[in-house]
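> One file is attached below, structure_20.txt, containing compact mmCIF, C-alpha atoms.
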# COMPACT_ATOMS: atom_id res chain seq x y z
CA MET X 1 5.12 -19.39 23.07
CA ILE X 2 2.23 -21.49 21.72
CA ARG X 3 -0.07 -18.46 21.82
CA LYS X 4 2.54 -16.36 20.00
CA LEU X 5 2.96 -18.98 17.27
CA ALA X 6 -0.80 -19.25 16.91
CA ALA X 7 -1.10 -15.48 16.56
CA LEU X 8 1.59 -15.46 13.87
CA ALA X 9 -0.20 -18.26 12.02
CA VAL X 10 -3.47 -16.33 12.09
CA LEU X 11 -1.67 -13.23 10.79
CA ALA X 12 -0.10 -15.22 7.96
CA VAL X 13 -3.48 -16.66 6.96
CA ALA X 14 -5.03 -13.17 7.06
CA CYS X 15 -2.27 -11.76 4.82
CA THR X 16 -2.70 -14.61 2.34
CA ALA X 17 -6.44 -14.07 2.22
CA GLN X 18 -5.90 -10.33 1.75
CA ALA X 19 -3.62 -10.96 -1.22
CA GLN X 20 -6.09 -13.43 -2.74
CA ASP X 21 -8.96 -10.94 -2.40
CA TYR X 22 -6.89 -8.05 -3.76
CA PRO X 23 -8.06 -5.86 -5.32
CA SER X 24 -11.64 -5.58 -4.15
CA LYS X 25 -12.04 -1.95 -5.23
CA PRO X 26 -10.47 0.48 -7.76
CA ILE X 27 -6.75 1.21 -7.55
CA ARG X 28 -5.70 4.85 -7.74
CA ILE X 29 -2.40 5.81 -9.33
CA ILE X 30 -1.47 9.31 -8.20
CA ILE X 31 0.41 11.36 -10.81
CA PRO X 32 2.10 14.17 -8.82
CA SER X 33 2.30 16.54 -11.79
CA THR X 34 0.15 18.35 -14.32
CA PRO X 35 -0.99 16.55 -17.49
CA GLY X 36 1.82 16.20 -20.03
CA GLY X 37 5.44 15.30 -19.42
CA GLY X 38 7.18 12.06 -18.54
CA THR X 39 5.56 11.41 -15.14
CA ASP X 40 2.04 11.89 -16.51
CA TYR X 41 2.81 9.75 -19.57
CA ILE X 42 4.06 6.86 -17.45
CA GLY X 43 1.21 7.11 -14.95
CA ARG X 44 -1.42 6.92 -17.67
CA LEU X 45 0.39 4.21 -19.62
CA MET X 46 0.76 2.01 -16.51
CA SER X 47 -2.88 2.60 -15.52
CA THR X 48 -4.14 1.57 -18.95
CA LYS X 49 -1.88 -1.45 -19.29
CA LEU X 50 -2.54 -2.72 -15.74
CA HIS X 51 -6.27 -2.61 -16.53
CA GLU X 52 -5.68 -4.49 -19.80
CA LEU X 53 -3.55 -7.11 -18.03
CA ASN X 54 -5.89 -7.94 -15.15
CA GLY X 55 -9.19 -6.27 -15.88
CA TRP X 56 -8.79 -4.22 -12.71
CA THR X 57 -10.27 -0.75 -12.41
CA VAL X 58 -7.23 1.54 -12.30
CA VAL X 59 -7.76 5.29 -12.04
CA PRO X 60 -4.96 7.77 -12.83
CA GLU X 61 -5.31 11.02 -10.88
CA ASN X 62 -3.20 14.14 -11.32
CA LYS X 63 -2.21 15.76 -8.02
CA PRO X 64 0.32 18.50 -8.90
CA GLY X 65 1.86 21.04 -6.57
CA ALA X 66 5.07 21.97 -4.73
CA GLY X 67 7.25 20.34 -7.36
CA THR X 68 5.28 17.04 -7.01
CA ALA X 69 5.73 17.04 -3.21
CA LEU X 70 1.95 17.32 -2.65
CA GLY X 71 1.16 14.18 -4.62
CA LEU X 72 3.92 12.18 -2.96
CA ALA X 73 2.82 13.38 0.48
CA GLU X 74 -0.77 12.34 -0.25
CA ALA X 75 0.42 8.88 -1.20
CA ALA X 76 2.53 8.67 1.96
CA ARG X 77 -0.54 9.49 4.10
CA ALA X 78 -2.90 7.08 2.31
CA PRO X 79 -4.02 3.80 3.91
CA ALA X 80 -1.36 1.13 3.35
CA GLN X 81 -3.65 -1.34 1.61
CA GLY X 82 -2.39 -1.29 -1.97
CA TYR X 83 -5.15 0.91 -3.37
CA ASP X 84 -3.16 4.15 -3.51
CA LEU X 85 -0.01 4.14 -5.61
CA VAL X 86 2.10 7.05 -6.86
CA ILE X 87 4.48 7.60 -9.77
CA GLY X 88 7.83 8.77 -8.46
CA GLN X 89 10.55 10.36 -10.56
CA SER X 90 14.12 10.50 -9.26
CA ASP X 91 14.38 14.29 -9.13
CA LYS X 92 11.28 14.34 -6.96
CA VAL X 93 11.87 11.26 -4.79
CA THR X 94 15.61 11.76 -4.30
CA LEU X 95 16.26 15.48 -4.61
CA ILE X 96 13.24 17.44 -3.41
CA PRO X 97 13.42 16.07 0.16
CA LEU X 98 17.12 16.99 0.27
CA LEU X 99 16.58 20.54 -0.95
CA MET X 100 13.36 21.66 0.69
CA LYS X 101 11.09 20.82 3.60
CA VAL X 102 8.40 18.33 2.63
CA ALA X 103 5.69 16.50 4.56
CA TYR X 104 7.08 13.03 3.96
CA ASP X 105 10.29 11.02 4.07
CA PRO X 106 10.82 9.12 0.79
CA VAL X 107 12.50 6.19 2.55
CA GLN X 108 10.42 5.97 5.75
CA ASP X 109 6.98 6.87 4.36
CA LEU X 110 6.97 5.24 0.91
CA THR X 111 7.55 1.67 -0.23
CA PRO X 112 9.16 1.07 -3.65
CA VAL X 113 6.92 -1.22 -5.71
CA ALA X 114 8.31 -1.32 -9.25
CA LEU X 115 10.94 0.46 -11.30
CA VAL X 116 9.25 1.31 -14.61
CA ALA X 117 11.92 2.99 -16.71
CA THR X 118 15.17 4.90 -16.75
CA THR X 119 16.41 7.60 -19.07
CA PRO X 120 19.64 9.58 -19.28
CA MET X 121 20.09 13.30 -19.56
CA VAL X 122 21.51 14.65 -22.80
CA LEU X 123 24.23 17.32 -22.96
CA LEU X 124 23.80 19.85 -25.75
CA VAL X 125 25.18 22.79 -27.69
CA SER X 126 23.50 24.86 -30.38
CA ASP X 127 23.93 24.01 -34.05
CA ALA X 128 26.15 27.12 -34.41
CA SER X 129 28.49 26.15 -31.56
CA PRO X 130 32.20 25.75 -32.29
CA TYR X 131 32.24 22.78 -29.91
CA LYS X 132 31.79 19.51 -31.80
CA THR X 133 32.33 17.09 -28.91
CA LEU X 134 32.03 17.01 -25.13
CA PRO X 135 35.85 16.89 -24.76
CA ASP X 136 35.94 20.16 -26.76
CA VAL X 137 33.67 21.79 -24.18
CA ILE X 138 35.61 20.39 -21.23
CA GLU X 139 38.95 21.54 -22.66
CA ALA X 140 37.59 25.07 -23.21
CA ALA X 141 36.13 25.16 -19.69
CA LYS X 142 39.46 24.11 -18.16
CA LYS X 143 41.19 26.97 -19.97
CA ALA X 144 38.58 29.52 -18.86
CA PRO X 145 36.99 28.53 -15.53
CA ASN X 146 33.44 29.85 -15.03
CA GLN X 147 33.48 31.58 -18.41
CA ILE X 148 31.27 29.03 -20.16
CA SER X 149 27.64 29.09 -19.06
CA TYR X 150 25.38 26.08 -18.95
CA GLY X 151 21.62 26.03 -18.48
CA THR X 152 19.36 23.60 -16.65
CA SER X 153 15.70 23.34 -15.68
CA GLY X 154 16.50 24.54 -12.15
CA THR X 155 18.82 24.53 -9.15
CA GLY X 156 19.09 21.12 -7.54
CA GLY X 157 17.40 19.29 -10.41
CA GLY X 158 18.73 16.13 -11.98
CA VAL X 159 20.64 17.91 -14.75
CA HIS X 160 22.24 20.32 -12.26
CA ILE X 161 23.37 17.41 -10.07
CA ALA X 162 24.70 15.51 -13.12
CA MET X 163 26.67 18.54 -14.29
CA GLU X 164 28.16 19.12 -10.84
CA MET X 165 29.23 15.47 -10.75
CA LEU X 166 30.81 15.75 -14.20
CA GLN X 167 32.67 18.95 -13.32
CA HIS X 168 34.02 17.35 -10.17
CA GLU X 169 35.12 14.20 -11.98
CA ALA X 170 36.61 15.93 -15.03
CA GLY X 171 38.17 18.86 -13.17
CA PHE X 172 36.55 21.90 -14.76
CA LYS X 173 34.13 24.61 -13.71
CA MET X 174 31.26 26.26 -15.59
CA GLN X 175 28.77 28.96 -14.65
CA HIS X 176 25.37 27.49 -13.83
CA VAL X 177 22.29 29.34 -15.13
CA PRO X 178 19.07 27.85 -13.70
CA TYR X 179 15.74 28.24 -15.53
CA LYS X 180 12.15 27.42 -14.67
CA GLY X 181 11.99 24.40 -16.94
CA SER X 182 13.88 22.94 -19.88
CA ALA X 183 12.06 24.89 -22.58
CA PRO X 184 13.43 28.37 -21.71
CA ALA X 185 16.94 26.96 -21.23
CA LEU X 186 16.86 25.33 -24.65
CA ALA X 187 15.45 28.52 -26.19
CA ASP X 188 18.38 30.51 -24.81
CA LEU X 189 20.82 27.84 -26.00
CA MET X 190 19.48 28.18 -29.55
CA GLY X 191 19.48 31.96 -29.22
CA GLY X 192 23.15 32.07 -28.31
CA HIS X 193 22.63 33.24 -24.72
CA LEU X 194 24.01 29.96 -23.37
CA GLN X 195 26.94 27.93 -24.61
CA PHE X 196 25.92 24.59 -23.15
CA ALA X 197 22.85 22.92 -21.65
CA GLY X 198 21.53 19.69 -20.22
CA SER X 199 18.03 18.34 -20.70
CA SER X 200 15.85 15.27 -20.65
CA ILE X 201 15.77 13.46 -23.97
CA SER X 202 12.01 13.93 -24.28
CA SER X 203 12.35 17.73 -23.97
CA ALA X 204 15.18 17.99 -26.49
CA ALA X 205 14.37 15.20 -28.98
CA SER X 206 12.54 17.32 -31.56
CA LEU X 207 15.26 20.01 -31.50
CA ILE X 208 17.97 17.39 -31.92
CA LYS X 209 16.07 15.80 -34.80
CA SER X 210 15.57 19.15 -36.53
CA GLY X 211 19.27 20.03 -36.16
CA LYS X 212 18.65 23.13 -34.04
CA VAL X 213 20.77 21.71 -31.21
CA ARG X 214 23.58 19.16 -31.24
CA ALA X 215 23.69 16.29 -28.75
CA LEU X 216 27.23 15.69 -27.49
CA ALA X 217 26.68 12.95 -24.90
CA VAL X 218 24.17 11.09 -22.78
CA THR X 219 24.72 10.43 -19.08
CA SER X 220 23.70 6.75 -18.93
CA PRO X 221 26.21 3.87 -18.76
CA LYS X 222 25.11 2.72 -22.22
CA ARG X 223 23.74 4.51 -25.28
CA ASN X 224 20.06 5.33 -25.47
CA ALA X 225 17.92 3.74 -28.17
CA ALA X 226 16.35 7.10 -29.01
CA LEU X 227 19.82 8.60 -29.72
CA PRO X 228 21.91 5.63 -30.88
CA ASP X 229 24.61 7.80 -32.49
CA VAL X 230 25.24 9.89 -29.37
CA PRO X 231 28.08 8.60 -27.15
CA THR X 232 27.89 8.22 -23.40
CA VAL X 233 30.00 10.34 -21.06
CA ALA X 234 31.65 7.07 -20.00
CA GLU X 235 32.73 6.37 -23.60
CA LEU X 236 34.42 9.76 -23.74
CA GLY X 237 36.91 8.96 -21.00
CA TYR X 238 34.94 9.04 -17.73
CA LYS X 239 34.30 5.31 -17.39
CA ASP X 240 32.53 5.36 -14.03
CA PHE X 241 30.20 8.25 -14.84
CA SER X 242 26.53 7.31 -14.78
CA VAL X 243 23.52 9.47 -13.95
CA VAL X 244 20.03 8.42 -15.01
CA THR X 245 16.54 9.59 -14.22
CA TYR X 246 14.25 6.82 -12.99
CA TYR X 247 10.47 6.57 -12.96
CA GLY X 248 8.79 4.06 -10.69
CA VAL X 249 5.70 3.10 -8.73
CA LEU X 250 5.62 3.55 -4.96
CA ALA X 251 3.05 2.77 -2.27
CA PRO X 252 2.51 3.94 1.31
CA SER X 253 4.89 2.52 3.86
CA LYS X 254 3.69 -0.69 5.55
CA THR X 255 1.72 -1.82 2.49
CA PRO X 256 1.60 -5.63 2.92
CA LYS X 257 4.62 -7.29 1.36
CA ASN X 258 2.56 -9.85 -0.51
CA ILE X 259 0.60 -7.09 -2.23
CA VAL X 260 3.83 -5.24 -3.08
CA GLN X 261 5.22 -8.47 -4.54
CA ARG X 262 2.02 -9.07 -6.53
CA LEU X 263 2.11 -5.57 -7.97
CA ASN X 264 5.84 -5.83 -8.71
CA ALA X 265 5.24 -9.05 -10.64
CA ASP X 266 2.38 -7.51 -12.61
CA PHE X 267 4.24 -4.32 -13.49
CA ASN X 268 7.28 -6.36 -14.52
CA LYS X 269 5.03 -8.51 -16.69
CA LEU X 270 3.82 -5.34 -18.41
CA LEU X 271 7.38 -4.15 -18.93
CA SER X 272 8.25 -7.38 -20.74
CA LYS X 273 5.59 -6.71 -23.39
CA LYS X 274 6.81 -5.30 -26.70
CA ASP X 275 4.05 -2.69 -27.05
CA VAL X 276 4.84 -1.26 -23.61
CA ARG X 277 8.60 -1.27 -24.20
CA ASP X 278 8.10 0.40 -27.60
CA ALA X 279 5.80 3.05 -26.11
CA LEU X 280 8.43 3.88 -23.49
CA ALA X 281 11.30 3.83 -26.02
CA ALA X 282 9.46 6.38 -28.18
CA GLN X 283 9.83 8.79 -25.25
CA GLY X 284 13.53 8.00 -24.74
CA LEU X 285 12.67 5.74 -21.80
CA GLU X 286 14.10 2.27 -21.29
CA ALA X 287 11.99 -0.34 -19.49
CA ASP X 288 13.90 -1.64 -16.48
CA PRO X 289 12.04 -4.38 -14.56
CA VAL X 290 13.65 -5.30 -11.23
CA SER X 291 12.47 -6.53 -7.84
CA SER X 292 11.02 -4.07 -5.33
CA ALA X 293 14.12 -4.63 -3.16
CA GLN X 294 16.42 -3.71 -6.06
CA PHE X 295 14.35 -0.58 -6.70
CA ALA X 296 14.71 0.35 -3.02
CA SER X 297 18.49 -0.10 -3.28
CA LEU X 298 18.58 2.17 -6.33
CA ILE X 299 16.75 4.92 -4.42
CA GLN X 300 19.09 4.60 -1.44
CA ALA X 301 22.17 4.79 -3.68
CA ASP X 302 20.73 7.78 -5.55
CA ILE X 303 20.10 9.65 -2.28
CA GLY X 304 23.66 8.94 -1.14
CA LYS X 305 25.21 10.29 -4.35
CA ALA X 306 22.94 13.34 -4.32
CA LYS X 307 23.83 14.21 -0.71
CA GLN X 308 27.52 14.07 -1.53
CA THR X 309 27.15 16.22 -4.65
CA ILE X 310 24.93 18.80 -2.93
CA LYS X 311 27.49 19.16 -0.14
CA SER X 312 30.57 19.35 -2.38
CA ALA X 313 28.93 21.77 -4.82
CA GLY X 314 27.58 24.00 -2.08
CA ILE X 315 24.00 23.84 -3.38
CA VAL X 316 21.80 25.81 -1.01
CA VAL X 317 18.99 23.93 0.67
CA GLN X 318 15.70 25.84 0.89
CA GLN X 319 14.68 26.46 4.51
Please re-express this file's structure in structure tokens.

Amino acid sequence: MIRKLAALAVLAVACTAQAQDYPSKPIRIIIPSTPGGGTDYIGRLMSTKLHELNGWTVVPENKPGAGTALGLAEAARAPAQGYDLVIGQSDKVTLIPLLMKVAYDPVQDLTPVALVATTPMVLLVSDASPYKTLPDVIEAAKKAPNQISYGTSGTGGGVHIAMEMLQHEAGFKMQHVPYKGSAPALADLMGGHLQFAGSSISSAASLIKSGKVRALAVTSPKRNAALPDVPTVAELGYKDFSVVTYYGVLAPSKTPKNIVQRLNADFNKLLSKKDVRDALAAQGLEADPVSSAQFASLIQADIGKAKQTIKSAGIVVQQ
């Protein structure tokens, strides 16, 4: 027993010393996507601001491929020492492992470090649409099941899952038309080839501002600062409806807890700064600092909801 206690004491001292010496070399933040887009924006913003906060050398590195699965897998395989972090987005952390075979398990192989921001999806019609509100669309869809088409950035993506959840809750059915990205879906919406679409705010913001598309609702529990006049789905009669996209920082599994806690505190300190919050808000993103344990709970809950929706909607999993 004495030897065991002594060994634990030595381990505790070693962990404390490791945290005090951290970091002793550059920190890499893997961005599992190509330059441009929300994941890249957040990865570069966090890298720059973490350097400004502590003077650390922080290197953002784009590692795209397989719908971000390659970058996340590389982070999962990296040494668990706190020098390899990755930006995870909910579609990629939650959905990709449920819909296709990947070389990592998001719960077993990655440790949540810090939740950076959340953003809702926005539900849209073209400026020429006869539908003025989301209840108008739902009423029409109930009268003509599968006759109204809606577009998304792809099967099994966040917008697709959100729409399946809404259809289940509200009791209507539309025809899903998946695209390879938001841009072609929004182009067909404006061209009259689709009657309805869902998108990220960042992808649709300029079209909403120009009046080419009309935002009917956002999927978050409260209104988004970038679209303050657009109601939430919950406001329109579906009080428990809430689907948001999250962006966060993750590390390899077994990264020392004291380093995870140190990084969580530093990222949360960044997210309390006005310039960082404003930079995120300009992209339709809301800073959301929580503990690493709370971030882990969010991921677990998101996976549970996605599994249920994928099963009930009959979404085919890629083999």
> From the options X:Leu50, X:Leu99, X:Val86, X:Ile201, which residue's atoms come nearest to Leu124 (chain X), counting all atoms listed in the file?
X:Ile201
> Env of Leu110 (chain X): 10 Å cut, atoms = all atoms listed in the file, seq-sep filter 6 positions within chain, self excluded. Answer as number ranges by chain.
X: 72-73, 75-77, 80, 85-86, 93, 104, 249-255, 296
> So which residues touch region 273-281 of chain X within 12 Å, counting only C-alpha atoms, skipping near sequence neighbours fewer than 4 positions away, as an NGL selection string?
:X and (38-39 or 41-50 or 52-53 or 116-119 or 201-202 or 224-228 or 247 or 266-269 or 285-289)
> In Å, with one decimal, what is the gap from CA of Val233 (chain X) to CA of Val218 (chain X)?
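That distance, rounded to one decimal, is 6.1 Å.
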> So that I can check the surroundings of Glu74 (chain X), please list as a PyMOL selection string every protein, DNA and RNA residue that reaches within 12 Å of it, counting all atoms listed in the file and ignoring chain neighbours fewer than 5 positions away.
chain X and resi 28-32+61-65+68-69+79-80+84-87+102-105+109-110+250-252
> Quote the spacing between CA of Asn54 (chain X) and CA of Thr111 (chain X) in Å to one decimal place.
22.3 Å
> Can you work out the spacing between CA of Gln167 (chain X) and CA of Leu207 (chain X) in Å, to one decimal?
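Taking CA of Gln167 (chain X) and CA of Leu207 (chain X), their separation equals 25.2 Å.
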> Under the rule that all atoms listed in the file are counted, which of X:Tyr22, X:Tyr179, X:Tyr238, X:Phe196 is the nearest residue to Tyr131 (chain X)?
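The shortest atom-to-atom distance to Tyr131 (chain X) comes from X:Phe196.
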> Identify, on the basis of all atoms listed in the file, every residue whose closest approach to Ile138 (chain X) does not exceed 10 Å; exclude the query and any residue fewer than 4 positions from it along the same chain; express the result as a ChimeraX atom specification.
/X:131,133-134,142-144,148,166-167,170-174
> Just C-alpha atoms for this one: save the residues we selected as a PDB file, in the frame of the given file.

ATOM      1  CA  TYR X 131      32.240  22.780 -29.910  1.00  0.00           C
ATOM      2  CA  THR X 133      32.330  17.090 -28.910  1.00  0.00           C
ATOM      3  CA  LEU X 134      32.030  17.010 -25.130  1.00  0.00           C
ATOM      4  CA  LYS X 142      39.460  24.110 -18.160  1.00  0.00           C
ATOM      5  CA  LYS X 143      41.190  26.970 -19.970  1.00  0.00           C
ATOM      6  CA  ALA X 144      38.580  29.520 -18.860  1.00  0.00           C
ATOM      7  CA  ILE X 148      31.270  29.030 -20.160  1.00  0.00           C
ATOM      8  CA  LEU X 166      30.810  15.750 -14.200  1.00  0.00           C
ATOM      9  CA  GLN X 167      32.670  18.950 -13.320  1.00  0.00           C
ATOM     10  CA  ALA X 170      36.610  15.930 -15.030  1.00  0.00           C
ATOM     11  CA  GLY X 171      38.170  18.860 -13.170  1.00  0.00           C
ATOM     12  CA  PHE X 172      36.550  21.900 -14.760  1.00  0.00           C
ATOM     13  CA  LYS X 173      34.130  24.610 -13.710  1.00  0.00           C
ATOM     14  CA  MET X 174      31.260  26.260 -15.590  1.00  0.00           C
TER      15      MET X 174
END
> Once you add 8 Å to each side, what are the centre and edge lengths of the axis-aligned box holding all listed atoms of region 90-102 of chain X? One decimal in Å, as AutoDock Vina command-line options, if you can.

--center_x 12.8 --center_y 16.1 --center_z -2.8 --size_x 24.7 --size_y 27.2 --size_z 28.9
> Could you give me, as a PDB file with C-alpha atoms, keeping the file's coordinate frame, the residues within 7 Å of region 214-216 of chain X, counting all atoms listed in the file and dropping anything in the same chain fewer than 4 positions from it?

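Below is the file selection_28.pdb, written as the result:
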ATOM      1  CA  VAL X 122      21.510  14.650 -22.800  1.00  0.00           C
ATOM      2  CA  LEU X 123      24.230  17.320 -22.960  1.00  0.00           C
ATOM      3  CA  LEU X 124      23.800  19.850 -25.750  1.00  0.00           C
ATOM      4  CA  VAL X 125      25.180  22.790 -27.690  1.00  0.00           C
ATOM      5  CA  SER X 126      23.500  24.860 -30.380  1.00  0.00           C
ATOM      6  CA  ASP X 127      23.930  24.010 -34.050  1.00  0.00           C
ATOM      7  CA  THR X 133      32.330  17.090 -28.910  1.00  0.00           C
ATOM      8  CA  LEU X 134      32.030  17.010 -25.130  1.00  0.00           C
ATOM      9  CA  ILE X 208      17.970  17.390 -31.920  1.00  0.00           C
ATOM     10  CA  VAL X 230      25.240   9.890 -29.370  1.00  0.00           C
TER      11      VAL X 230
END
> Please determine, counting only C-alpha atoms, which residue among X:Leu98, X:Ala217, X:Ile315, X:Ile27 has the shortest atom-to-atom distance to Asp302 (chain X).
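Checking each of X:Leu98, X:Ala217, X:Ile315, X:Ile27 against Asp302 (chain X), counting only C-alpha atoms, the winner is X:Leu98.
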> Using only C-alpha atoms, find the one residue out of X:Ala204, X:Gly82, X:Gly71, X:Ala183 that sits nearest to Pro26 (chain X).
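For Pro26 (chain X), the nearest of the given residues is X:Gly82.
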> Nearest to Leu263 (chain X): which of X:Ser292, X:Ser297, X:Thr309, X:Ser153 is it, counting all atoms listed in the file?
X:Ser292
> Around (20.5, 27.1, -30.1) in the file's frame, which residues reach within 7 Å when counting all atoms listed in the file? Return as a list in words?
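The residues that fall inside the cut-off are Val125, Ser126, Asp127, Leu186, Ala187, Asp188, Leu189, Met190, Gly191, Gly192, Lys212 and Val213 of chain X.
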> Between X:Leu236, X:Ala265, X:Ala197, X:Met100, which has the minimum distance to Val177 (chain X) (counting only C-alpha atoms)?
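Of the candidates, the smallest distance to Val177 (chain X) is held by X:Ala197.
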